[in-house]
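Undergrad: Data file coords15.txt (compact mmCIF, C-alpha atoms) is appended below.
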# COMPACT_ATOMS: atom_id res chain seq x y z
CA MET A 367 113.66 104.01 129.08
CA THR A 368 117.14 103.96 127.56
CA ALA A 369 119.71 105.72 129.77
CA GLY A 370 120.16 109.28 128.58
CA LEU A 371 116.66 109.70 127.19
CA ILE A 372 114.53 112.30 128.95
CA ALA A 373 110.85 113.07 128.71
CA SER A 374 109.61 115.87 126.51
CA ASP A 375 109.15 119.23 128.20
CA GLN A 376 107.78 122.46 126.84
CA ARG A 377 110.78 124.39 128.10
CA LEU A 378 114.23 122.85 128.13
CA VAL A 379 117.55 124.54 128.69
CA THR A 380 120.99 123.36 127.68
CA ASP A 381 124.47 124.62 127.04
CA VAL A 382 124.88 122.87 123.69
CA LEU A 383 121.91 121.79 121.59
CA VAL A 384 122.50 119.12 118.95
CA ILE A 385 119.69 118.76 116.44
CA GLY A 386 119.64 115.26 114.96
CA SER A 387 121.15 112.04 116.26
CA GLY A 388 122.55 110.42 113.13
CA ALA A 389 126.17 110.10 112.08
CA GLY A 390 126.77 113.84 112.52
CA GLY A 391 124.70 114.53 115.61
CA ALA A 392 125.72 111.48 117.63
CA THR A 393 129.46 111.98 117.13
CA THR A 394 129.13 115.71 117.84
CA ALA A 395 127.18 115.04 121.03
CA ALA A 396 129.62 112.40 122.26
CA LEU A 397 132.76 114.47 121.70
CA ILE A 398 131.32 117.67 123.18
CA ALA A 399 129.86 115.86 126.20
CA GLU A 400 133.21 114.14 126.76
CA ALA A 401 134.77 117.59 126.71
CA GLY A 402 132.64 118.44 129.73
CA ARG A 403 129.84 120.48 128.23
CA ASP A 404 126.14 120.10 128.97
CA VAL A 405 124.64 118.56 125.82
CA LEU A 406 121.05 117.95 124.80
CA VAL A 407 120.28 116.00 121.63
CA VAL A 408 116.87 116.33 119.99
CA GLU A 409 115.69 113.70 117.54
CA GLU A 410 112.51 113.87 115.46
CA GLY A 411 112.06 110.12 115.26
CA PRO A 412 111.69 107.42 117.92
CA TRP A 413 114.32 105.30 119.64
CA VAL A 414 114.17 101.81 118.13
CA ASP A 415 116.45 99.11 119.47
CA GLN A 416 118.17 97.18 116.68
CA GLU A 417 117.00 93.84 118.03
CA SER A 418 113.35 94.89 117.91
CA VAL A 419 113.13 95.28 114.15
CA ARG A 420 114.11 93.17 111.15
CA PRO A 421 116.48 95.06 108.85
CA PHE A 422 115.07 96.23 105.51
CA SER A 423 111.56 95.09 106.42
CA LEU A 424 108.30 96.99 105.95
CA ASP A 425 108.11 97.18 109.74
CA GLN A 426 111.45 98.97 109.79
CA MET A 427 110.30 101.32 107.06
CA ASP A 428 107.22 102.12 109.14
CA ARG A 429 109.18 102.81 112.31
CA GLN A 430 112.52 104.20 111.19
CA TYR A 431 112.09 105.78 107.76
CA ARG A 432 110.67 109.21 107.05
CA SER A 433 107.12 108.88 105.74
CA GLY A 434 107.32 105.11 105.91
CA GLY A 435 109.95 105.13 103.19
CA VAL A 436 107.67 106.69 100.59
CA THR A 437 109.59 109.86 99.88
CA VAL A 438 110.29 111.34 96.50
CA ALA A 439 112.26 114.13 94.93
CA LEU A 440 109.91 115.69 92.41
CA GLY A 441 111.29 116.37 88.97
CA LEU A 442 111.75 114.85 85.54
CA PRO A 443 112.15 112.08 86.32
CA SER A 444 111.01 111.94 89.91
CA ILE A 445 113.44 110.01 92.06
CA ALA A 446 112.48 107.94 95.05
CA TYR A 447 114.84 108.33 97.96
CA THR A 448 114.83 107.13 101.52
CA GLU A 449 115.78 108.90 104.68
CA GLY A 450 116.12 107.72 108.25
CA ARG A 451 113.92 109.28 110.88
CA CYS A 452 114.85 107.73 114.19
CA ALA A 453 117.49 107.81 116.89
CA GLY A 454 120.74 107.12 115.06
CA GLY A 455 119.33 108.43 111.81
CA GLY A 456 120.44 106.87 108.57
CA THR A 457 123.04 104.70 110.31
CA GLU A 458 120.23 102.54 111.66
CA ILE A 459 118.80 101.71 108.24
CA ASN A 460 121.60 101.80 105.71
CA SER A 461 124.06 99.13 104.70
CA GLY A 462 126.80 100.39 106.97
CA LEU A 463 129.23 100.99 104.12
CA TYR A 464 132.32 103.00 104.96
CA PHE A 465 135.02 104.39 102.72
CA ARG A 466 137.86 106.63 103.82
CA PRO A 467 138.31 109.42 101.27
CA PRO A 468 141.72 109.21 99.59
CA SER A 469 144.11 112.07 100.30
CA GLU A 470 144.02 113.29 96.72
CA VAL A 471 140.23 113.61 96.93
CA VAL A 472 140.45 115.56 100.20
CA GLU A 473 143.03 117.86 98.62
CA ARG A 474 140.74 118.45 95.65
CA TRP A 475 137.87 119.31 97.97
CA ARG A 476 140.12 121.72 99.84
CA ASP A 477 141.34 123.39 96.65
CA ASP A 478 138.16 123.35 94.53
CA PHE A 479 135.84 124.47 97.34
CA ARG A 480 138.37 126.60 99.21
CA VAL A 481 137.83 124.88 102.54
CA ALA A 482 140.20 126.47 105.02
CA ASP A 483 142.14 124.21 107.37
CA LEU A 484 141.14 120.98 105.65
CA ASP A 485 144.27 118.94 106.18
CA PRO A 486 144.34 115.40 104.73
CA GLY A 487 146.69 114.21 107.45
CA GLU A 488 144.44 115.49 110.22
CA LEU A 489 141.40 113.98 108.53
CA ASP A 490 143.25 110.66 108.31
CA ALA A 491 143.83 110.70 112.06
CA ILE A 492 140.15 111.39 112.69
CA ALA A 493 139.17 108.63 110.28
CA THR A 494 141.40 106.16 112.12
CA GLU A 495 139.69 107.00 115.40
CA VAL A 496 136.23 106.70 113.85
CA GLU A 497 137.11 103.36 112.24
CA ARG A 498 138.19 102.04 115.62
CA SER A 499 135.06 103.34 117.35
CA LEU A 500 132.78 101.80 114.75
CA SER A 501 134.73 98.56 114.28
CA VAL A 502 135.03 99.16 110.55
CA SER A 503 136.11 95.98 108.80
CA THR A 504 135.57 93.71 105.85
CA VAL A 505 133.66 90.45 106.24
CA PRO A 506 135.89 87.97 108.11
CA GLY A 507 134.42 84.87 106.55
CA ARG A 508 132.44 84.04 103.47
CA VAL A 509 130.62 86.83 101.68
CA THR A 510 127.05 86.41 100.43
CA PRO A 511 126.40 84.36 97.27
CA ALA A 512 125.36 87.55 95.46
CA SER A 513 128.67 89.22 96.36
CA GLU A 514 130.58 86.12 95.29
CA ARG A 515 128.78 86.22 91.95
CA LEU A 516 129.69 89.87 91.46
CA ARG A 517 133.28 89.21 92.39
CA ASP A 518 133.60 86.23 90.07
CA GLY A 519 131.94 88.14 87.26
CA ALA A 520 134.28 91.10 87.68
CA ASP A 521 137.30 88.78 87.71
CA ALA A 522 136.10 87.10 84.53
CA LEU A 523 135.78 90.48 82.82
CA GLY A 524 139.16 91.61 84.08
CA TRP A 525 137.60 94.41 86.13
CA LYS A 526 139.16 95.62 89.33
CA GLN A 527 136.97 94.77 92.29
CA ASN A 528 137.19 95.25 96.00
CA GLU A 529 135.04 94.81 99.07
CA ILE A 530 133.86 98.00 100.77
CA PRO A 531 134.27 97.79 104.53
CA ARG A 532 131.31 98.24 106.85
CA TRP A 533 130.81 99.30 110.42
CA MET A 534 130.00 95.82 111.71
CA THR A 535 131.16 93.42 114.37
CA TYR A 536 131.15 89.71 113.77
CA PRO A 537 131.09 86.80 116.21
CA PRO A 538 134.00 84.35 116.13
CA GLY A 539 133.73 82.35 112.94
CA GLY A 540 131.05 84.67 111.62
CA ASP A 541 130.33 85.55 108.04
CA ALA A 542 128.41 88.14 106.04
CA THR A 543 125.08 87.04 107.51
CA THR A 544 126.07 87.43 111.16
CA GLY A 545 127.28 91.03 111.27
CA VAL A 546 125.95 93.36 113.98
CA ARG A 547 125.57 96.90 112.74
CA GLN A 548 127.58 99.40 114.78
CA SER A 549 125.11 102.19 114.30
CA MET A 550 124.89 105.32 116.42
CA THR A 551 122.51 103.73 118.94
CA ARG A 552 125.24 101.17 119.67
CA THR A 553 128.26 103.44 119.59
CA TYR A 554 128.35 107.20 119.81
CA LEU A 555 124.97 107.75 121.48
CA PRO A 556 125.77 105.46 124.44
CA ARG A 557 129.13 107.20 124.60
CA ALA A 558 127.38 110.57 124.72
CA PHE A 559 125.05 109.38 127.48
CA ALA A 560 127.96 107.99 129.49
CA ALA A 561 129.50 111.46 129.35
CA GLY A 562 126.30 113.04 130.67
CA ALA A 563 124.48 114.01 127.47
CA ARG A 564 120.70 113.93 127.45
CA MET A 565 118.40 113.17 124.55
CA VAL A 566 114.75 113.69 123.80
CA VAL A 567 113.11 111.74 120.97
CA GLY A 568 109.91 112.52 119.12
CA CYS A 569 111.01 116.14 119.01
CA ARG A 570 111.07 117.98 115.68
CA ALA A 571 113.14 121.13 115.44
CA ASP A 572 110.94 123.54 113.51
CA ARG A 573 113.30 126.49 113.38
CA LEU A 574 116.04 128.31 115.20
CA VAL A 575 115.21 131.44 117.16
CA SER A 576 117.95 133.99 116.70
CA LEU A 577 118.92 137.45 117.78
CA GLY A 578 121.01 138.92 115.03
CA SER A 579 123.50 136.28 113.99
CA ARG A 580 123.28 134.35 117.25
CA ALA A 581 120.94 131.40 117.75
CA LEU A 582 119.31 131.53 121.16
CA ALA A 583 116.85 128.68 121.06
CA ALA A 584 115.04 126.15 118.93
CA ALA A 585 111.28 126.08 118.46
CA VAL A 586 110.19 122.45 118.52
CA THR A 587 107.10 120.33 118.06
CA TYR A 588 106.74 117.07 119.94
CA ALA A 589 105.22 113.89 118.55
CA ASP A 590 101.98 114.51 120.46
CA GLY A 591 101.58 117.90 118.79
CA THR A 592 102.62 120.08 121.71
CA ILE A 593 105.09 122.83 120.98
CA GLY A 594 108.07 123.84 123.03
CA THR A 595 111.23 125.91 123.17
CA ILE A 596 114.74 124.76 123.92
CA ARG A 597 117.13 127.50 124.99
CA CYS A 598 120.81 127.04 124.35
CA ARG A 599 124.15 128.82 124.19
CA SER A 600 125.32 126.94 121.12
CA VAL A 601 123.57 124.81 118.54
CA PHE A 602 124.77 122.21 116.07
CA VAL A 603 122.32 121.43 113.28
CA CYS A 604 123.00 117.80 112.31
CA GLY A 605 119.85 116.87 110.42
CA GLY A 606 121.67 115.34 107.48
CA ALA A 607 121.96 116.47 103.89
CA ILE A 608 118.22 117.05 103.53
CA GLN A 609 116.88 118.14 106.90
CA THR A 610 119.74 120.48 107.85
CA PRO A 611 119.11 122.81 104.89
CA ALA A 612 115.38 122.53 105.56
CA ILE A 613 115.80 123.62 109.20
CA LEU A 614 118.08 126.48 108.21
CA GLN A 615 115.69 127.66 105.50
CA ARG A 616 112.77 127.56 107.94
CA SER A 617 114.93 129.67 110.24
CA GLY A 618 115.32 132.34 107.58
CA ILE A 619 118.87 131.32 106.66
CA ARG A 620 118.76 130.99 102.91
CA GLY A 621 121.22 132.16 100.28
CA LEU A 622 122.84 129.07 98.82
CA VAL A 623 121.62 126.80 101.63
CA GLY A 624 120.21 123.62 100.15
CA ARG A 625 121.10 124.56 96.58
CA SER A 626 123.98 122.12 96.19
CA LEU A 627 122.42 118.88 97.39
CA ALA A 628 123.94 115.84 95.75
CA VAL A 629 122.99 112.24 96.38
CA HIS A 630 124.33 109.03 94.96
CA PRO A 631 121.92 106.76 93.15
CA THR A 632 121.33 103.16 94.08
CA VAL A 633 120.43 100.70 91.41
CA LYS A 634 118.99 97.30 92.16
CA LEU A 635 120.02 94.42 89.93
CA ALA A 636 118.13 91.20 89.70
CA ALA A 637 118.89 88.17 87.62
CA MET B 545 95.96 126.07 104.36
CA ARG B 546 96.01 122.39 103.59
CA PRO B 547 95.50 121.55 99.91
CA ILE B 548 91.99 120.30 99.28
CA ALA B 549 93.24 117.01 97.82
CA SER B 550 95.04 116.22 101.04
CA LEU B 551 91.76 116.46 102.94
CA ALA B 552 90.27 113.64 100.88
CA PRO B 553 90.51 110.21 102.47
CA ALA B 554 92.93 108.00 100.61
CA GLY B 555 90.82 104.83 100.87
CA PRO B 556 87.90 105.60 98.53
CA LEU B 557 90.25 107.13 95.95
CA VAL B 558 93.09 104.62 95.97
CA ALA B 559 91.57 101.30 97.03
CA PRO B 560 89.44 100.58 93.93
CA PHE B 561 92.36 101.14 91.56
CA ALA B 562 94.80 99.25 93.74
CA GLU B 563 92.46 96.32 94.00
CA GLN B 564 91.87 96.13 90.24
CA LEU B 565 95.54 96.63 89.37
CA LEU B 566 96.60 93.79 91.65
CA ARG B 567 93.82 91.61 90.26
CA LEU B 568 95.14 92.26 86.74
CA ASP B 569 98.82 91.77 87.60
CA LEU B 570 98.33 88.79 89.92
CA PRO B 571 95.22 86.94 88.74
CA ARG B 572 95.72 84.01 91.10
CA LEU B 573 96.14 86.07 94.25
CA ASP B 574 93.24 85.21 96.51
CA ASP B 575 90.69 87.81 97.59
CA ALA B 576 91.79 88.03 101.21
CA ARG B 577 95.44 88.63 100.31
CA ARG B 578 94.51 91.15 97.68
CA ARG B 579 92.39 93.02 100.23
CA GLU B 580 95.28 93.06 102.71
CA ALA B 581 97.74 94.34 100.11
CA THR B 582 95.27 96.99 98.99
CA ALA B 583 94.73 98.13 102.58
CA PHE B 584 98.50 98.40 103.02
CA ALA B 585 98.86 100.56 99.91
CA VAL B 586 96.06 102.83 101.14
CA ARG B 587 97.71 103.15 104.57
CA ARG B 588 101.00 104.13 103.01
CA VAL B 589 99.43 106.76 100.79
CA ALA B 590 97.49 108.12 103.75
CA GLY B 591 100.77 108.44 105.67
CA MET B 592 102.58 110.45 103.03
CA PRO B 593 103.62 114.05 103.64
CA GLY B 594 100.83 116.46 102.78
CA VAL B 595 102.25 117.86 99.55
CA VAL B 596 103.09 114.45 98.12
CA ARG B 597 99.77 112.98 99.23
CA SER B 598 97.94 115.85 97.59
CA GLY B 599 99.69 115.13 94.33
CA VAL B 600 99.01 111.42 94.51
CA LEU B 601 95.33 111.93 95.30
CA ALA B 602 94.99 114.53 92.58
CA VAL B 603 96.12 111.89 90.09
CA ALA B 604 94.02 109.22 91.79
CA LEU B 605 90.79 111.21 91.51
CA PRO B 606 90.24 111.14 87.74
CA ILE B 607 91.27 107.50 87.65
CA ARG B 608 88.73 106.75 90.36
CA LEU B 609 86.06 108.54 88.36
CA ALA B 610 86.94 106.50 85.28
CA LEU B 611 86.55 103.32 87.31
CA ALA B 612 82.92 104.24 87.92
CA THR B 613 82.18 104.03 84.18
CA PRO B 614 81.77 101.02 81.87
CA LEU B 615 85.37 101.67 80.78
CA ALA B 616 86.77 100.66 84.18
CA GLY B 617 88.46 97.45 83.03
CA ALA B 618 89.88 99.02 79.88
CA THR B 619 91.17 101.94 81.93
CA VAL B 620 93.05 99.72 84.34
CA ARG B 621 94.48 97.58 81.50
CA PHE B 622 95.60 100.69 79.63
CA LEU B 623 97.27 102.30 82.65
CA ALA B 624 98.88 99.04 83.75
CA ARG B 625 100.64 98.55 80.43
CA ARG B 626 101.67 102.14 79.64
CA SER B 627 104.32 104.31 81.21
CA LEU B 628 102.58 107.67 81.09
CA PRO B 629 104.05 110.84 82.54
CA LEU B 630 102.84 111.55 86.08
CA VAL B 631 100.01 109.01 85.94
CA GLY B 632 102.65 106.32 85.44
CA GLU B 633 104.23 107.35 88.74
CA TYR B 634 100.95 106.69 90.50
CA VAL B 635 100.62 103.27 88.89
CA ARG B 636 104.20 102.42 89.87
CA LEU B 637 103.58 103.60 93.43
CA VAL B 638 100.46 101.51 93.94
CA ARG B 639 102.01 98.47 92.27
CA SER B 640 105.23 98.78 94.29
CA LEU B 641 103.40 99.09 97.58
CA GLY B 642 101.19 96.13 96.79
CA TYR B 643 104.07 93.92 95.65
CA ALA B 644 106.23 94.88 98.65
CA TYR B 645 103.47 93.83 101.04
CA ILE B 646 102.64 90.61 99.19
CA TRP B 647 106.18 89.28 98.87
CA GLU B 648 107.25 90.30 102.34
CA THR B 649 104.17 88.82 103.96
CA TRP B 650 103.95 85.70 101.77
CA PRO B 651 107.45 85.29 100.31
CA ASP B 652 106.60 82.09 98.48
CA THR B 653 103.93 83.77 96.37
CA ARG B 654 104.31 82.85 92.71
CA PRO B 655 104.62 85.50 89.97
CA ASP B 656 100.94 85.11 89.11
CA GLY B 657 99.88 85.54 92.74
CA ALA B 658 99.25 81.88 93.48
CA PRO B 659 100.48 80.55 96.81
CA ALA B 660 103.48 78.26 96.67
Would it be possible to restate this file's structure as C-alpha cells?
TA:
Amino acid sequence: MTAGLIASDQRLVTDVLVIGSGAGGATTAALIAEAGRDVLVVEEGPWVDQESVRPFSLDQMDRQYRSGGVTVALGLPSIAYTEGRCAGGGTEINSGLYFRPPSEVVERWRDDFRVADLDPGELDAIATEVERSLSVSTVPGRVTPASERLRDGADALGWKQNEIPRWMTYPPGGDATTGVRQSMTRTYLPRAFAAGARMVVGCRADRLVSLGSRALAAAVTYADGTIGTIRCRSVFVCGGAIQTPAILQRSGIRGLVGRSLAVHPTVKLAA
Amino acid sequence: MRPIASLAPAGPLVAPFAEQLLRLDLPRLDDARRREATAFAVRRVAGMPGVVRSGVLAVALPIRLALATPLAGATVRFLARRSLPLVGEYVRLVRSLGYAYIWETWPDTRPDGAPA
C-alpha cells in the first residue's frame, strides 16, 4: 500500500480533515501537515498509480473518472462534462495546463467580488512556489504535429499565439511526447505523507455533522457500502467546483452555494 | 425510493438498439466486434448515476418497444439520421460509446467498420 494510505475504519479521529485529494485538497493537506498538524485526507475514488494506466484511455475513464466519464449537465442543450474521481482528482486526468492569472485579472476579482485580502503580489509569490513544486514549464523540444499546425496556421493568419505551460517534467532531450505529469499523486500528496498526513481512499464524504456553525465530524460511506464517522476539529472541503457545493448542500448549507458554477467548454477539432 | 426505470436492467433495453445502430453505421464491422462494442455500451449505461440512468432507460424503453415491431429497421434508420430533442441525446450516447470502444480497441478500423 502506498505510504500514507490507511485502511478504512468506521470511526476515525483527526485534528484536520481534508475532504478531497485533488489540486485543492492535496496542497491543503501538505501545507497543514508541514505546519505540524494531524491531517487526514479522505478521497472518494481509488489510488491509481500513473504508470498503471494509459492516459485518456477507456481504462482510465473506468478507473479515474466519475461514472466512467459518462456525466452530463442536464439542460438545453445538455452538456457532457468529465470529472476526476480518484486520488489526485482532476490533476490525474487533465492535460496539466497551467496559467498564472495576470495581476489585472486578480485585481478585478478582488474589486468585482469584494474579496478581502486578495493581494496580487502575495498571489504571485504563491504562484511562484506552486510552479516550482509542480515543475511548470513549456515543452523543451518539439511540440506535437497538431500543435505545430495550429501555430503555423495562427502565424499565417496574423493571430497572436502562445504555448500554455504544463505541470510536466521531461527527460533530457525530451519532447512533447515524453512529459511526465506532475499530478498530485507525484507531488503534494507524497509531500503530505512525508509530513505525517494520512489518507483513506474509497471514502465518500456524505455530509458534515455540525453543532451550530461548527463542523464536528463527517459522515462517510466507504466503497464496500459500510458507513462511518470521522471526527475532527477543523475541516477543509476540497471536492472541486462540483462536489464541494454538493457536499455543503447535503450538509444543509445552502443559500448561494452551488449557484455560480462556471466551467470552460472544450471543443475538439478534427481535420 | 429508486426510480422504477433505474431498476430495469440496461442490457435488454439498450443492447438491441445499440446493435442495430452500429450495424447501420458500420455495415462492415464483424459480428463479434459489434457484440463487444454493444456490451461495452450496455456496461457504461448500467454504470451511470441513478438519475441519469433512469432518464436514459426511460428514453430507451419506447425505442426498444418499437424494435419489436415490423418497423424496427425504419425506426433505427429514422433515429440515426435525425437529431431529435432528448431522443437524439440517447442516440448520440449509444453511438459515442460504441465508436469509442471500437476505435480504441481496434484503431485501424475503417470508417465503414471493416478491419484495416
Undergrad: One decimal, in Å: what's the spacing between CA of Ile593 in chain A and CA of Met565 in chain A?
TA: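 If I compute the distance from CA of Ile593 in chain A to CA of Met565 in chain A, I get 16.8 Å.
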Undergrad: Return as a list in words the residues belonging to chain A that are within 10 Å of chain B, counting only C-alpha atoms.
TA: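 Matching residues, ligands excluded from the count: Ser423, Leu424, Asp428, Arg432, Ser433, Gly434, Gly435, Val436, Thr437, Val438, Ala439, Leu440, Leu442, Pro443 and Ser444 of chain A.
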Undergrad: Using only C-alpha atoms, which protein or nucleic acid residues come within 12 Å of Gln564 in chain B? Drop anything in the same chain fewer than 3 positions from it, and give the result as number ranges by chain.
TA: B: 558-561, 567-571, 573, 575, 578-579, 581-582, 607-608, 611, 616-621, 623-624, 635, 638-639, 642
Undergrad: Quick one: residues within 12 Å of Ala482 in chain A, only C-alpha atoms counted, chain neighbours fewer than 5 positions away excluded, as a list in words?
TA: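 The contact residues come out as Val472, Glu473, Trp475, Arg476 and Asp477 of chain A.
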Undergrad: Given the point (118.2, 116.2, 123.1) in the file's coordinates, find the residues that have an atom at most 10 Å from it, counting all atoms listed in the file, and give them as a PyMOL selection string.
TA: chain A and resi 370-374+378+380+382-387+395+405-410+563-569+596
Undergrad: Please, what distance in Å, to one decimal, runs between CA of Asp490 in chain A and CA of Thr535 in chain A?
TA: 21.9 Å
Undergrad: Provide the CA of Leu565 in chain B to CA of Tyr634 in chain B distance in Å, to one decimal place.
TA: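 CA of Tyr634 in chain B lies at a distance of 11.5 Å from CA of Leu565 in chain B.
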Undergrad: Add whatever atoms are absent from range 572-581 of chain B to reach all heavy atoms, and provide the output as a JSON list (two decimals), in the coordinates of the input.
TA:
[["chain", "number", "residue", "atom", "x", "y", "z"],
["B", 572, "ARG", "N", 95.97, 85.14, 90.21],
["B", 572, "ARG", "CA", 95.72, 84.01, 91.10],
["B", 572, "ARG", "C", 95.91, 84.36, 92.57],
["B", 572, "ARG", "O", 95.91, 83.48, 93.42],
["B", 572, "ARG", "CB", 96.61, 82.84, 90.69],
["B", 572, "ARG", "CG", 96.29, 82.32, 89.28],
["B", 572, "ARG", "CD", 96.99, 81.02, 88.99],
["B", 572, "ARG", "NE", 96.57, 79.97, 89.93],
["B", 572, "ARG", "CZ", 97.24, 78.83, 90.12],
["B", 572, "ARG", "NH1", 98.35, 78.60, 89.45],
["B", 572, "ARG", "NH2", 96.81, 77.94, 90.98],
["B", 573, "LEU", "N", 96.05, 85.63, 92.85],
["B", 573, "LEU", "CA", 96.14, 86.07, 94.25],
["B", 573, "LEU", "C", 94.73, 86.01, 94.84],
["B", 573, "LEU", "O", 93.79, 86.55, 94.26],
["B", 573, "LEU", "CB", 96.67, 87.50, 94.32],
["B", 573, "LEU", "CG", 96.93, 88.08, 95.70],
["B", 573, "LEU", "CD1", 98.14, 87.39, 96.35],
["B", 573, "LEU", "CD2", 97.19, 89.58, 95.62],
["B", 574, "ASP", "N", 94.59, 85.36, 95.98],
["B", 574, "ASP", "CA", 93.24, 85.21, 96.51],
["B", 574, "ASP", "C", 92.70, 86.53, 97.08],
["B", 574, "ASP", "O", 93.45, 87.46, 97.36],
["B", 574, "ASP", "CB", 93.15, 84.07, 97.54],
["B", 574, "ASP", "CG", 93.84, 84.38, 98.85],
["B", 574, "ASP", "OD1", 93.63, 85.49, 99.41],
["B", 574, "ASP", "OD2", 94.57, 83.52, 99.34],
["B", 575, "ASP", "N", 91.38, 86.56, 97.23],
["B", 575, "ASP", "CA", 90.69, 87.81, 97.59],
["B", 575, "ASP", "C", 91.19, 88.39, 98.91],
["B", 575, "ASP", "O", 91.40, 89.60, 99.02],
["B", 575, "ASP", "CB", 89.17, 87.58, 97.67],
["B", 575, "ASP", "CG", 88.56, 87.31, 96.31],
["B", 575, "ASP", "OD1", 89.26, 87.52, 95.30],
["B", 575, "ASP", "OD2", 87.39, 86.90, 96.26],
["B", 576, "ALA", "N", 91.39, 87.54, 99.89],
["B", 576, "ALA", "CA", 91.79, 88.03, 101.21],
["B", 576, "ALA", "C", 93.17, 88.69, 101.14],
["B", 576, "ALA", "O", 93.39, 89.76, 101.72],
["B", 576, "ALA", "CB", 91.81, 86.89, 102.22],
["B", 577, "ARG", "N", 94.08, 88.05, 100.41],
["B", 577, "ARG", "CA", 95.44, 88.63, 100.31],
["B", 577, "ARG", "C", 95.41, 89.91, 99.51],
["B", 577, "ARG", "O", 96.12, 90.88, 99.83],
["B", 577, "ARG", "CB", 96.38, 87.61, 99.68],
["B", 577, "ARG", "CG", 96.67, 86.43, 100.58],
["B", 577, "ARG", "CD", 97.76, 85.54, 100.02],
["B", 577, "ARG", "NE", 98.08, 84.46, 100.95],
["B", 577, "ARG", "CZ", 99.09, 83.61, 100.80],
["B", 577, "ARG", "NH1", 99.89, 83.73, 99.76],
["B", 577, "ARG", "NH2", 99.30, 82.67, 101.69],
["B", 578, "ARG", "N", 94.60, 89.94, 98.48],
["B", 578, "ARG", "CA", 94.51, 91.15, 97.68],
["B", 578, "ARG", "C", 93.95, 92.30, 98.52],
["B", 578, "ARG", "O", 94.42, 93.44, 98.43],
["B", 578, "ARG", "CB", 93.66, 90.93, 96.44],
["B", 578, "ARG", "CG", 93.70, 92.10, 95.46],
["B", 578, "ARG", "CD", 93.11, 91.76, 94.11],
["B", 578, "ARG", "NE", 91.81, 91.15, 94.26],
["B", 578, "ARG", "CZ", 91.57, 89.87, 93.98],
["B", 578, "ARG", "NH1", 92.52, 89.08, 93.53],
["B", 578, "ARG", "NH2", 90.35, 89.39, 94.14],
["B", 579, "ARG", "N", 92.96, 92.00, 99.36],
["B", 579, "ARG", "CA", 92.39, 93.02, 100.23],
["B", 579, "ARG", "C", 93.44, 93.55, 101.21],
["B", 579, "ARG", "O", 93.55, 94.75, 101.46],
["B", 579, "ARG", "CB", 91.19, 92.46, 101.01],
["B", 579, "ARG", "CG", 89.88, 92.55, 100.26],
["B", 579, "ARG", "CD", 88.71, 92.34, 101.21],
["B", 579, "ARG", "NE", 88.74, 91.03, 101.85],
["B", 579, "ARG", "CZ", 88.21, 89.94, 101.32],
["B", 579, "ARG", "NH1", 87.64, 89.98, 100.13],
["B", 579, "ARG", "NH2", 88.27, 88.78, 101.97],
["B", 580, "GLU", "N", 94.23, 92.65, 101.76],
["B", 580, "GLU", "CA", 95.28, 93.06, 102.71],
["B", 580, "GLU", "C", 96.30, 93.95, 102.02],
["B", 580, "GLU", "O", 96.72, 94.98, 102.57],
["B", 580, "GLU", "CB", 96.01, 91.83, 103.26],
["B", 580, "GLU", "CG", 95.44, 91.29, 104.54],
["B", 580, "GLU", "CD", 96.39, 90.30, 105.21],
["B", 580, "GLU", "OE1", 97.55, 90.68, 105.49],
["B", 580, "GLU", "OE2", 95.95, 89.16, 105.46],
["B", 581, "ALA", "N", 96.73, 93.55, 100.84],
["B", 581, "ALA", "CA", 97.74, 94.34, 100.11],
["B", 581, "ALA", "C", 97.17, 95.70, 99.72],
["B", 581, "ALA", "O", 97.87, 96.72, 99.79],
["B", 581, "ALA", "CB", 98.20, 93.58, 98.86]]
